[in-house]
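A quick write-up on the structure given underneath.
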Amino acid sequence: MSRTVYVNGEYLPEEDAKISIFDRSFLMADGVYEVTSVLDGKLIDFEGHRVRLERSLNELDMQKPEAFDDLLDIHRELVRVNDITDGLVYLQVSRGSAGDRDFAYPSEDVKPTLVLFTQNKPGLADSPAAKTGIKVISIEDQRWGRRDIKTVQLLYPSMGKMMAKAAGCDDAWMVEDGHVTEGTSNNAYIVKGNTIITRQLSNDILHGITRAAVLRFAEEAQMQVEERLFTIDEAKQADEAFVTSASTFVMPVVELDGETIGAGTPGSVATRLREIYLEESRKAAV
Ligand code: PDD
């Protein structure tokens with residue numbers, strides 16, 4: 001059975017959903033997105049994703065879609081009609097279509113395009129990878145300078161995933177000026193003793209919604225958090241490593257560039273944070 005998706009005010013079967021070939025997200029990657037996870041039929045961290053979407057739009061001088069204030073209802077309706085227990089809701093806003101190709105932004109009367117669809121992922125929180133941990137490689141960070149804006153320019157992260165795959169690994173950590181920025185689609189952390197170390201927020205990384213929640217829970221659980229730069233060498237010497245994102249929650253990393261991290265199995269800090277994150281987020285889900 002085909003999915004029901006949302007396009008500019010309409011709920012449609014996916015095969016009937018259409019946007020213009022002149023849409024600026026297609027021609028210029030002039031669009032922003034959010035991915036919100038669904039557990040037990042409820043949305044995780046919805047408010048954080050809504051607030052970050054608004055920030056991305058503001059940073060790019062992009063109009064809010066008319067339905068901005070209805071986003072929670074639209075998410076819930078898609079989860080309901082597609083019968084999603086565990087999965088993801090993908091949302092994309094683009095600057096719309098002016099009916100031609102032009103580098104300059106179109107006038108204000110060109111309305112943004114709003115698209116949402118669901119991805120069904122039964123057992124999303126019971127991923128086998130969380131029990132074994134994942135393997136990552138390091139690659140140079142070749143993305144643009146405004147990674148704090150969640151744009152659909154994802155070619156380099158896709159290339160990174162392919163480089164990881166070619167190396168027999170699961171993901172890549174990107175490195176700039178000798179320091180880890182983040183994973184291709186997640187924030188990166190190392191653990192030394194009782195201290196969790198992750199890069200500080202700036203334009204260099206996405207301000208992860210899962211990151212914010214996990215750091216809050218870590219502090220509440222009396223763990224030390226240091227937001228600072230770290231290198232690949234420091235990561236290789238760490239006791240543990242992990243990544244966070246809306247689709248993987250807290251995911252242990254057990255190998256970096258072929259070298260085992262800690263005991264080579266998911267560490268106790270990552271395991272505990274995953275449990276706390278899942279428990280607290282399920283409680284707060286909407
Ligand atoms: N990616 N850093 C990057 C580059 C990301 O693409 C993501 C999310 C994150 C984690 O952010 P959050 O915790 O808000 O999901 C960090 C999503 C899941 C994706 O592109 O599918």
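To be explicit about the labels: the chains of the structure tokens are called A, B, and onward in the order shown, and within each one the residues are counted from 1, while ligands get numbers from 1 in the order they are shown.
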Practice prompt. Using only C-alpha atoms and all ligand atoms, determine which residues fall within 7 Å of ligand 1, then list them as a PyMOL selection string.
Written response: chain A and resi 35+49+182-187+205-211+244-247
Discussion item. Which residues are near Ser97 in chain A? Cut-off 7 Å, only C-alpha atoms, ignore same chain within fewer than 3 positions. Put them as a PyMOL selection string.
Written reply: chain A and resi 20+22-24+110
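Near Asn8 in chain A, within 8 Å and counting only C-alpha atoms, sit Thr113, Leu114 and Val115 of chain A; same-chain residues fewer than 6 positions away were not included.
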Those residues with N, CA and C atoms, as a PDB file, in the first residue's frame please?
ATOM      1  N   THR A 113       7.539  25.836  -0.696  1.00  0.00           N
ATOM      2  CA  THR A 113       6.987  24.490  -0.872  1.00  0.00           C
ATOM      3  C   THR A 113       7.155  23.750   0.452  1.00  0.00           C
ATOM      4  N   LEU A 114       6.095  23.098   0.893  1.00  0.00           N
ATOM      5  CA  LEU A 114       6.170  22.301   2.132  1.00  0.00           C
ATOM      6  C   LEU A 114       5.801  20.861   1.815  1.00  0.00           C
ATOM      7  N   VAL A 115       6.714  19.957   2.109  1.00  0.00           N
ATOM      8  CA  VAL A 115       6.507  18.524   1.848  1.00  0.00           C
ATOM      9  C   VAL A 115       6.803  17.740   3.125  1.00  0.00           C
TER      10      VAL A 115
END
Worksheet item: If you count only C-alpha atoms, which residues fall within 10 Å of Ala263 in chain A, apart from same-chain ones fewer than 6 positions away, as a PyMOL selection string?
Response: chain A and resi 239-240+254-255
Would you mind exporting all heavy atoms of the selected residues as a PDB file, in the first residue's frame?
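Saved the output as selection.pdb:
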ATOM      1  N   ASP A 239      37.949   6.334  26.168  1.00  0.00           N
ATOM      2  CA  ASP A 239      37.386   5.111  26.747  1.00  0.00           C
ATOM      3  C   ASP A 239      36.168   4.648  25.944  1.00  0.00           C
ATOM      4  O   ASP A 239      35.856   3.464  25.891  1.00  0.00           O
ATOM      5  CB  ASP A 239      36.954   5.370  28.200  1.00  0.00           C
ATOM      6  CG  ASP A 239      38.150   5.735  29.068  1.00  0.00           C
ATOM      7  OD1 ASP A 239      39.223   5.142  28.844  1.00  0.00           O
ATOM      8  OD2 ASP A 239      38.016   6.626  29.926  1.00  0.00           O
ATOM      9  N   GLU A 240      35.461   5.639  25.389  1.00  0.00           N
ATOM     10  CA  GLU A 240      34.248   5.341  24.627  1.00  0.00           C
ATOM     11  C   GLU A 240      34.041   6.426  23.584  1.00  0.00           C
ATOM     12  O   GLU A 240      34.597   7.519  23.717  1.00  0.00           O
ATOM     13  CB  GLU A 240      32.988   5.430  25.516  1.00  0.00           C
ATOM     14  CG  GLU A 240      32.864   4.448  26.602  1.00  0.00           C
ATOM     15  CD  GLU A 240      31.521   4.641  27.327  1.00  0.00           C
ATOM     16  OE1 GLU A 240      30.512   5.009  26.685  1.00  0.00           O
ATOM     17  OE2 GLU A 240      31.495   4.420  28.532  1.00  0.00           O
ATOM     18  N   VAL A 254      32.552   1.978  18.170  1.00  0.00           N
ATOM     19  CA  VAL A 254      33.540   1.070  18.778  1.00  0.00           C
ATOM     20  C   VAL A 254      34.849   0.972  17.984  1.00  0.00           C
ATOM     21  O   VAL A 254      35.795   0.338  18.435  1.00  0.00           O
ATOM     22  CB  VAL A 254      32.947  -0.348  18.993  1.00  0.00           C
ATOM     23  CG1 VAL A 254      31.811  -0.301  20.017  1.00  0.00           C
ATOM     24  CG2 VAL A 254      32.463  -0.958  17.685  1.00  0.00           C
ATOM     25  N   GLU A 255      34.859   1.575  16.797  1.00  0.00           N
ATOM     26  CA  GLU A 255      36.088   1.522  16.003  1.00  0.00           C
ATOM     27  C   GLU A 255      36.229   2.806  15.198  1.00  0.00           C
ATOM     28  O   GLU A 255      35.243   3.307  14.662  1.00  0.00           O
ATOM     29  CB  GLU A 255      36.027   0.313  15.057  1.00  0.00           C
ATOM     30  CG  GLU A 255      37.370  -0.060  14.460  1.00  0.00           C
ATOM     31  CD  GLU A 255      37.238  -1.212  13.463  1.00  0.00           C
ATOM     32  OE1 GLU A 255      36.929  -2.341  13.874  1.00  0.00           O
ATOM     33  OE2 GLU A 255      37.434  -0.943  12.261  1.00  0.00           O
TER      34      GLU A 255
END
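A straight line drawn from CA of Tyr6 in chain A to CA of Leu116 in chain A is 5.0 Å long.
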Item to complete: Check the DSSP output for the backbone and give back, as a VMD selection string, the residues of range 1-191 of chain A in strand (DSSP E).
Response: chain A and resid 4 to 7 10 to 13 31 to 39 42 to 43 87 to 94 113 to 120 134 to 140 171 to 176 179 to 183 187 to 191
May I have the residues from that selection written out with C-alpha atoms, as a PDB file, in the first residue's frame?
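Once written, again20.pdb looks like this:
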ATOM      1  CA  THR A   4       0.005   9.152   2.209  1.00  0.00           C
ATOM      2  CA  VAL A   5       2.260  12.198   1.979  1.00  0.00           C
ATOM      3  CA  TYR A   6       1.665  15.917   2.471  1.00  0.00           C
ATOM      4  CA  VAL A   7       2.346  18.536  -0.209  1.00  0.00           C
ATOM      5  CA  GLU A  10      -2.928  18.355   0.578  1.00  0.00           C
ATOM      6  CA  TYR A  11      -2.708  14.783   1.793  1.00  0.00           C
ATOM      7  CA  LEU A  12      -2.065  12.594  -1.264  1.00  0.00           C
ATOM      8  CA  PRO A  13      -0.987   9.069  -2.215  1.00  0.00           C
ATOM      9  CA  GLY A  31      15.622  24.148   1.059  1.00  0.00           C
ATOM     10  CA  VAL A  32      15.764  23.130   4.701  1.00  0.00           C
ATOM     11  CA  TYR A  33      14.550  20.008   6.446  1.00  0.00           C
ATOM     12  CA  GLU A  34      13.866  18.252   9.730  1.00  0.00           C
ATOM     13  CA  VAL A  35      13.653  14.601  10.692  1.00  0.00           C
ATOM     14  CA  THR A  36      11.547  13.759  13.740  1.00  0.00           C
ATOM     15  CA  SER A  37      11.402  10.259  15.141  1.00  0.00           C
ATOM     16  CA  VAL A  38       8.222   8.449  16.131  1.00  0.00           C
ATOM     17  CA  LEU A  39       8.149   5.913  18.965  1.00  0.00           C
ATOM     18  CA  LYS A  42       4.263   9.641  19.250  1.00  0.00           C
ATOM     19  CA  LEU A  43       6.681  12.352  18.149  1.00  0.00           C
ATOM     20  CA  GLY A  87       9.559   5.478  12.319  1.00  0.00           C
ATOM     21  CA  LEU A  88      10.420   8.939  11.100  1.00  0.00           C
ATOM     22  CA  VAL A  89       8.640  11.991   9.774  1.00  0.00           C
ATOM     23  CA  TYR A  90      10.650  13.891   7.139  1.00  0.00           C
ATOM     24  CA  LEU A  91       9.763  17.548   6.531  1.00  0.00           C
ATOM     25  CA  GLN A  92      11.189  19.818   3.855  1.00  0.00           C
ATOM     26  CA  VAL A  93      10.573  23.487   3.128  1.00  0.00           C
ATOM     27  CA  SER A  94      11.985  25.065  -0.011  1.00  0.00           C
ATOM     28  CA  THR A 113       6.987  24.490  -0.872  1.00  0.00           C
ATOM     29  CA  LEU A 114       6.170  22.301   2.132  1.00  0.00           C
ATOM     30  CA  VAL A 115       6.507  18.524   1.848  1.00  0.00           C
ATOM     31  CA  LEU A 116       6.248  15.882   4.559  1.00  0.00           C
ATOM     32  CA  PHE A 117       6.379  12.094   4.418  1.00  0.00           C
ATOM     33  CA  THR A 118       6.751   9.237   6.867  1.00  0.00           C
ATOM     34  CA  GLN A 119       9.216   6.342   6.948  1.00  0.00           C
ATOM     35  CA  ASN A 120       8.045   3.204   8.689  1.00  0.00           C
ATOM     36  CA  ILE A 134      29.275   1.069  14.839  1.00  0.00           C
ATOM     37  CA  LYS A 135      32.580   1.529  13.011  1.00  0.00           C
ATOM     38  CA  VAL A 136      33.565   4.912  11.635  1.00  0.00           C
ATOM     39  CA  ILE A 137      36.313   6.310   9.446  1.00  0.00           C
ATOM     40  CA  SER A 138      37.604   9.879   9.466  1.00  0.00           C
ATOM     41  CA  ILE A 139      37.390  12.064   6.372  1.00  0.00           C
ATOM     42  CA  GLU A 140      38.110  15.697   5.617  1.00  0.00           C
ATOM     43  CA  ASP A 171      29.765   6.068   8.980  1.00  0.00           C
ATOM     44  CA  ALA A 172      32.359   8.832   8.760  1.00  0.00           C
ATOM     45  CA  TRP A 173      33.473  11.518  11.206  1.00  0.00           C
ATOM     46  CA  MET A 174      34.492  14.713   9.476  1.00  0.00           C
ATOM     47  CA  VAL A 175      37.640  16.607  10.411  1.00  0.00           C
ATOM     48  CA  GLU A 176      38.463  20.274   9.867  1.00  0.00           C
ATOM     49  CA  HIS A 179      39.470  18.632  14.861  1.00  0.00           C
ATOM     50  CA  VAL A 180      36.353  16.495  14.542  1.00  0.00           C
ATOM     51  CA  THR A 181      33.326  18.506  13.471  1.00  0.00           C
ATOM     52  CA  GLU A 182      30.558  15.853  13.434  1.00  0.00           C
ATOM     53  CA  GLY A 183      29.383  12.650  11.767  1.00  0.00           C
ATOM     54  CA  ASN A 187      26.865  14.729  16.370  1.00  0.00           C
ATOM     55  CA  ALA A 188      30.083  13.105  17.628  1.00  0.00           C
ATOM     56  CA  TYR A 189      31.254  12.503  21.212  1.00  0.00           C
ATOM     57  CA  ILE A 190      34.100  10.857  23.081  1.00  0.00           C
ATOM     58  CA  VAL A 191      34.208   9.819  26.728  1.00  0.00           C
TER      59      VAL A 191
END
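Shortest atom-to-atom contact with Gly168 in chain A among A:Leu256, A:Met62, A:Ser268, A:Glu220: A:Leu256, counting only C-alpha atoms.
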Fill in: Among listed residues A:Ala167, A:Thr151, A:Gly96, A:Trp144, nearest Leu53 in chain A (using only C-alpha atoms)
A:Thr151
Worksheet entry | Nearest candidate to Met163 in chain A (options A:Asp177, A:Asp40, A:Asp257, A:Asp204; using only C-alpha atoms) | A:Asp257
So that I can check the surroundings of Ile196 in chain A, please list as a CSV table (one decimal) with all heavy atoms, in the first residue's frame every protein, DNA and RNA residue that reaches within 12 Å of it, counting only C-alpha atoms and ignoring chain neighbours fewer than 3 positions away.
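Saved result, around_7.csv, follows:
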chain,number,residue,atom,x,y,z
A,188,ALA,N,29.1,14.1,17.2
A,188,ALA,CA,30.1,13.1,17.6
A,188,ALA,C,30.6,13.4,19.0
A,188,ALA,O,30.7,14.6,19.4
A,188,ALA,CB,31.3,13.2,16.7
A,189,TYR,N,30.8,12.4,19.8
A,189,TYR,CA,31.3,12.5,21.2
A,189,TYR,C,32.3,11.5,21.5
A,189,TYR,O,32.3,10.4,21.0
A,189,TYR,CB,30.1,12.2,22.2
A,189,TYR,CG,28.8,12.9,21.9
A,189,TYR,CD1,28.0,12.6,20.8
A,189,TYR,CD2,28.4,13.9,22.8
A,189,TYR,CE1,26.8,13.3,20.6
A,189,TYR,CE2,27.2,14.6,22.5
A,189,TYR,CZ,26.4,14.3,21.4
A,189,TYR,OH,25.3,14.9,21.2
A,190,ILE,N,33.2,11.9,22.5
A,190,ILE,CA,34.1,10.9,23.1
A,190,ILE,C,33.9,10.9,24.6
A,190,ILE,O,33.4,11.9,25.1
A,190,ILE,CB,35.6,11.1,22.7
A,190,ILE,CG1,36.1,12.5,23.1
A,190,ILE,CG2,35.8,10.8,21.2
A,190,ILE,CD1,37.6,12.7,22.9
A,191,VAL,N,34.3,9.9,25.3
A,191,VAL,CA,34.2,9.8,26.7
A,191,VAL,C,35.6,9.5,27.3
A,191,VAL,O,36.2,8.5,26.8
A,191,VAL,CB,33.2,8.7,27.2
A,191,VAL,CG1,33.1,8.7,28.7
A,191,VAL,CG2,31.8,9.0,26.5
A,192,LYS,N,36.0,10.3,28.3
A,192,LYS,CA,37.3,10.0,29.0
A,192,LYS,C,36.9,10.0,30.5
A,192,LYS,O,36.5,11.0,31.0
A,192,LYS,CB,38.2,11.1,28.6
A,192,LYS,CG,39.7,10.7,28.9
A,192,LYS,CD,40.3,9.9,27.8
A,192,LYS,CE,41.6,9.4,28.2
A,192,LYS,NZ,42.1,8.2,27.6
A,193,GLY,N,37.0,8.8,31.1
A,193,GLY,CA,36.6,8.7,32.5
A,193,GLY,C,35.1,9.0,32.6
A,193,GLY,O,34.3,8.4,31.9
A,199,ARG,N,32.2,18.6,20.5
A,199,ARG,CA,32.5,20.0,20.0
A,199,ARG,C,31.4,21.0,20.4
A,199,ARG,O,30.2,20.7,20.4
A,199,ARG,CB,32.5,19.9,18.4
A,199,ARG,CG,33.2,21.1,17.8
A,199,ARG,CD,33.1,20.9,16.3
A,199,ARG,NE,33.7,22.1,15.6
A,199,ARG,CZ,34.9,22.2,15.0
A,199,ARG,NH1,35.7,21.1,15.0
A,199,ARG,NH2,35.3,23.3,14.4
A,200,GLN,N,31.9,22.2,20.7
A,200,GLN,CA,31.0,23.3,21.1
A,200,GLN,C,30.2,23.7,19.9
A,200,GLN,O,30.6,23.6,18.8
A,200,GLN,CB,31.8,24.5,21.7
A,200,GLN,CG,32.7,25.2,20.7
A,200,GLN,CD,34.1,24.6,20.5
A,200,GLN,OE1,34.3,23.4,20.9
A,200,GLN,NE2,35.0,25.3,19.9
A,211,ARG,N,21.4,16.0,20.6
A,211,ARG,CA,22.5,16.5,21.4
A,211,ARG,C,22.1,17.3,22.6
A,211,ARG,O,22.6,17.1,23.7
A,211,ARG,CB,23.4,17.4,20.5
A,211,ARG,CG,24.7,18.0,21.1
A,211,ARG,CD,25.3,19.0,20.2
A,211,ARG,NE,26.6,19.5,20.7
A,211,ARG,CZ,26.6,20.5,21.6
A,211,ARG,NH1,25.5,21.1,22.0
A,211,ARG,NH2,27.8,21.0,22.0
A,214,VAL,N,20.5,15.1,25.2
A,214,VAL,CA,21.4,14.1,25.8
A,214,VAL,C,22.4,14.8,26.8
A,214,VAL,O,22.7,14.3,27.9
A,214,VAL,CB,22.2,13.4,24.7
A,214,VAL,CG1,23.4,12.7,25.3
A,214,VAL,CG2,21.3,12.3,24.0
A,215,LEU,N,22.8,16.0,26.4
A,215,LEU,CA,23.7,16.8,27.3
A,215,LEU,C,23.0,17.2,28.6
A,215,LEU,O,23.6,17.2,29.7
A,215,LEU,CB,24.4,18.0,26.6
A,215,LEU,CG,25.3,17.7,25.5
A,215,LEU,CD1,26.0,18.9,25.0
A,215,LEU,CD2,26.4,16.6,25.9
A,216,ARG,N,21.7,17.5,28.5
A,216,ARG,CA,20.9,17.9,29.6
A,216,ARG,C,20.8,16.7,30.6
A,216,ARG,O,21.0,16.7,31.8
A,216,ARG,CB,19.6,18.4,29.2
A,216,ARG,CG,18.8,19.1,30.2
A,216,ARG,CD,17.5,19.7,29.7
A,216,ARG,NE,16.5,18.7,29.3
A,216,ARG,CZ,16.1,18.5,28.1
A,216,ARG,NH1,16.5,19.3,27.1
A,216,ARG,NH2,15.2,17.6,27.8
A,217,PHE,N,20.5,15.5,30.0
A,217,PHE,CA,20.3,14.3,30.8
A,217,PHE,C,21.6,13.9,31.4
A,217,PHE,O,21.6,13.4,32.6
A,217,PHE,CB,19.8,13.1,29.9
A,217,PHE,CG,18.4,13.4,29.4
A,217,PHE,CD1,18.0,12.9,28.1
A,217,PHE,CD2,17.4,14.0,30.1
A,217,PHE,CE1,16.8,13.2,27.6
A,217,PHE,CE2,16.1,14.2,29.6
A,217,PHE,CZ,15.8,13.8,28.3
A,218,ALA,N,22.7,14.1,30.7
A,218,ALA,CA,24.0,13.7,31.2
A,218,ALA,C,24.3,14.5,32.5
A,218,ALA,O,24.8,14.0,33.5
A,218,ALA,CB,25.1,13.9,30.2
A,219,GLU,N,24.1,15.8,32.4
A,219,GLU,CA,24.3,16.7,33.5
A,219,GLU,C,23.4,16.3,34.7
A,219,GLU,O,23.9,16.3,35.9
A,219,GLU,CB,24.2,18.2,33.1
A,219,GLU,CG,25.5,18.6,32.4
A,219,GLU,CD,25.5,19.9,31.8
A,219,GLU,OE1,24.5,20.6,31.7
A,219,GLU,OE2,26.6,20.3,31.3
A,222,GLN,N,24.7,13.6,36.8
A,222,GLN,CA,26.0,14.0,37.4
A,222,GLN,C,27.2,13.6,36.6
A,222,GLN,O,28.3,13.3,37.1
A,222,GLN,CB,26.2,13.3,38.8
A,222,GLN,CG,25.0,13.4,39.7
A,222,GLN,CD,24.5,14.8,40.0
A,222,GLN,OE1,25.3,15.7,40.1
A,222,GLN,NE2,23.2,15.0,40.2
A,223,MET,N,27.0,13.5,35.3
A,223,MET,CA,28.2,13.2,34.4
A,223,MET,C,28.8,14.6,34.1
A,223,MET,O,28.1,15.6,34.0
A,223,MET,CB,27.8,12.5,33.1
A,223,MET,CG,27.2,11.1,33.4
A,223,MET,SD,26.6,10.4,31.8
A,223,MET,CE,25.7,9.0,32.3
A,224,GLN,N,30.1,14.6,33.8
A,224,GLN,CA,30.8,15.9,33.4
A,224,GLN,C,30.6,16.0,31.9
A,224,GLN,O,30.8,15.0,31.2
A,224,GLN,CB,32.2,15.8,33.8
A,224,GLN,CG,32.6,15.5,35.2
A,224,GLN,CD,32.0,16.6,36.2
A,224,GLN,OE1,32.1,17.8,35.9
A,224,GLN,NE2,31.3,16.2,37.2
A,225,VAL,N,30.4,17.2,31.5
A,225,VAL,CA,30.3,17.5,30.0
A,225,VAL,C,31.3,18.6,29.7
A,225,VAL,O,31.3,19.7,30.3
A,225,VAL,CB,28.9,17.9,29.6
A,225,VAL,CG1,28.9,18.3,28.2
A,225,VAL,CG2,27.9,16.8,29.9
A,226,GLU,N,32.1,18.4,28.7
A,226,GLU,CA,33.1,19.4,28.2
A,226,GLU,C,32.7,19.7,26.8
A,226,GLU,O,32.9,18.8,25.9
A,226,GLU,CB,34.5,18.9,28.3
A,226,GLU,CG,35.2,19.2,29.7
A,226,GLU,CD,36.6,18.7,29.7
A,226,GLU,OE1,37.3,18.7,28.6
A,226,GLU,OE2,37.1,18.4,30.8
A,227,GLU,N,32.3,20.9,26.4
A,227,GLU,CA,32.1,21.2,25.0
A,227,GLU,C,33.3,21.9,24.5
A,227,GLU,O,33.6,23.1,24.8
A,227,GLU,CB,30.8,22.1,25.0
A,227,GLU,CG,29.6,21.4,25.4
A,227,GLU,CD,28.3,22.3,25.3
A,227,GLU,OE1,27.9,22.6,24.1
A,227,GLU,OE2,27.8,22.6,26.3
A,228,ARG,N,34.1,21.1,23.8
A,228,ARG,CA,35.4,21.6,23.2
A,228,ARG,C,35.8,20.8,22.0
A,228,ARG,O,35.2,19.8,21.7
A,228,ARG,CB,36.4,21.6,24.3
A,228,ARG,CG,36.8,20.2,24.8
A,228,ARG,CD,38.1,20.2,25.5
A,228,ARG,NE,38.4,18.9,26.2
A,228,ARG,CZ,39.0,17.9,25.6
A,228,ARG,NH1,39.3,17.9,24.3
A,228,ARG,NH2,39.3,16.8,26.3
A,229,LEU,N,36.8,21.3,21.4
A,229,LEU,CA,37.4,20.6,20.2
A,229,LEU,C,38.1,19.4,20.6
A,229,LEU,O,38.7,19.3,21.7
A,229,LEU,CB,38.4,21.5,19.5
A,229,LEU,CG,37.9,22.9,19.0
A,229,LEU,CD1,39.0,23.7,18.4
A,229,LEU,CD2,36.8,22.6,17.9
A,230,PHE,N,38.1,18.3,19.8
A,230,PHE,CA,38.9,17.1,20.0
A,230,PHE,C,39.4,16.6,18.7
A,230,PHE,O,38.8,16.9,17.6
A,230,PHE,CB,38.2,16.1,20.9
A,230,PHE,CG,37.0,15.5,20.2
A,230,PHE,CD1,37.1,14.3,19.4
A,230,PHE,CD2,35.7,16.0,20.3
A,230,PHE,CE1,35.9,13.7,18.8
A,230,PHE,CE2,34.6,15.5,19.7
A,230,PHE,CZ,34.7,14.3,19.0
A,235,ALA,N,40.4,10.9,20.2
A,235,ALA,CA,39.2,9.9,20.1
A,235,ALA,C,39.7,8.5,20.1
A,235,ALA,O,39.1,7.6,20.8
A,235,ALA,CB,38.4,10.2,18.8
A,238,ALA,N,40.3,7.4,23.6
A,238,ALA,CA,39.2,7.6,24.5
A,238,ALA,C,38.7,6.3,25.1
A,238,ALA,O,39.0,5.2,24.5
A,238,ALA,CB,38.0,8.3,23.8
A,239,ASP,N,37.9,6.3,26.2
A,239,ASP,CA,37.4,5.1,26.7
A,239,ASP,C,36.2,4.6,25.9
A,239,ASP,O,35.9,3.5,25.9
A,239,ASP,CB,37.0,5.4,28.2
A,239,ASP,CG,38.2,5.7,29.1
A,239,ASP,OD1,39.2,5.1,28.8
A,239,ASP,OD2,38.0,6.6,29.9
A,240,GLU,N,35.5,5.6,25.4
A,240,GLU,CA,34.2,5.3,24.6
A,240,GLU,C,34.0,6.4,23.6
A,240,GLU,O,34.6,7.5,23.7
A,240,GLU,CB,33.0,5.4,25.5
A,240,GLU,CG,32.9,4.4,26.6
A,240,GLU,CD,31.5,4.6,27.3
A,240,GLU,OE1,30.5,5.0,26.7
A,240,GLU,OE2,31.5,4.4,28.5
A,241,ALA,N,33.2,6.1,22.6
A,241,ALA,CA,32.7,7.2,21.7
A,241,ALA,C,31.3,6.8,21.3
A,241,ALA,O,30.8,5.7,21.4
A,241,ALA,CB,33.6,7.2,20.5
A,242,PHE,N,30.6,7.9,20.9
A,242,PHE,CA,29.2,7.7,20.4
A,242,PHE,C,28.8,8.8,19.5
A,242,PHE,O,29.4,9.8,19.4
A,242,PHE,CB,28.3,7.4,21.6
A,242,PHE,CG,28.1,8.5,22.6
A,242,PHE,CD1,27.1,9.5,22.4
A,242,PHE,CD2,28.9,8.7,23.7
A,242,PHE,CE1,26.9,10.5,23.3
A,242,PHE,CE2,28.7,9.7,24.6
A,242,PHE,CZ,27.7,10.6,24.4
A,243,VAL,N,27.6,8.6,18.9
A,243,VAL,CA,27.0,9.7,18.1
A,243,VAL,C,25.5,9.8,18.5
A,243,VAL,O,25.0,8.9,19.1
A,243,VAL,CB,27.1,9.4,16.6
A,243,VAL,CG1,28.5,9.4,16.1
A,243,VAL,CG2,26.4,8.1,16.2
A,267,GLY,N,30.2,1.3,25.3
A,267,GLY,CA,30.7,1.6,26.7
A,267,GLY,C,29.5,1.9,27.6
A,267,GLY,O,28.3,2.1,27.2
A,268,SER,N,29.8,2.0,28.9
A,268,SER,CA,28.7,2.1,29.9
A,268,SER,C,28.1,3.5,29.8
A,268,SER,O,26.9,3.6,30.1
A,268,SER,CB,29.2,1.8,31.3
A,268,SER,OG,30.3,2.7,31.6
A,269,VAL,N,28.8,4.5,29.5
A,269,VAL,CA,28.2,5.9,29.5
A,269,VAL,C,27.3,6.0,28.3
A,269,VAL,O,26.1,6.4,28.4
A,269,VAL,CB,29.4,6.9,29.3
A,269,VAL,CG1,28.8,8.3,29.1
A,269,VAL,CG2,30.2,7.0,30.6
A,270,ALA,N,27.7,5.5,27.1
A,270,ALA,CA,26.8,5.6,25.9
A,270,ALA,C,25.6,4.7,26.2
A,270,ALA,O,24.5,5.1,25.8
A,270,ALA,CB,27.6,5.1,24.7
A,273,LEU,N,23.3,6.5,28.6
A,273,LEU,CA,22.7,7.7,28.0
A,273,LEU,C,21.6,7.3,27.0
A,273,LEU,O,20.6,8.0,26.9
A,273,LEU,CB,23.7,8.6,27.3
A,273,LEU,CG,24.5,9.5,28.3
A,273,LEU,CD1,25.6,10.2,27.5
A,273,LEU,CD2,23.6,10.5,29.0
Item to complete: Per DSSP on the backbone, filter range 6-133 of chain A down to the residues in helix (DSSP H, G or I) and report them as a PyMOL selection string.
Response: chain A and resi 14-16+24-28+46-59+66-81+124-126+129-132
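Among A:Met162, A:Ala98, A:Val250, A:Ala129, the residue with the shortest atom-to-atom distance to Ser25 in chain A, counting only C-alpha atoms, is A:Ala98.
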Item to complete: Select, from A:Ile44, A:Gly160, A:Arg95, A:Val79, the residue with the minimum atom-to-atom distance to Val286 in chain A, counting only C-alpha atoms.
Response: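 Closest residue, counting only C-alpha atoms: A:Ile44.
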Item to complete: Could you check how far CA of Thr198 in chain A sits from CA of Asn58 in chain A, in Å to one decimal?
Response: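 Separating CA of Thr198 in chain A from CA of Asn58 in chain A is a distance of 26.3 Å.
Distances from A:Asp30, A:Glu234, A:Asp16, A:Glu259 to Ser56 in chain A were compared using only C-alpha atoms, and the smallest one belongs to A:Asp30.
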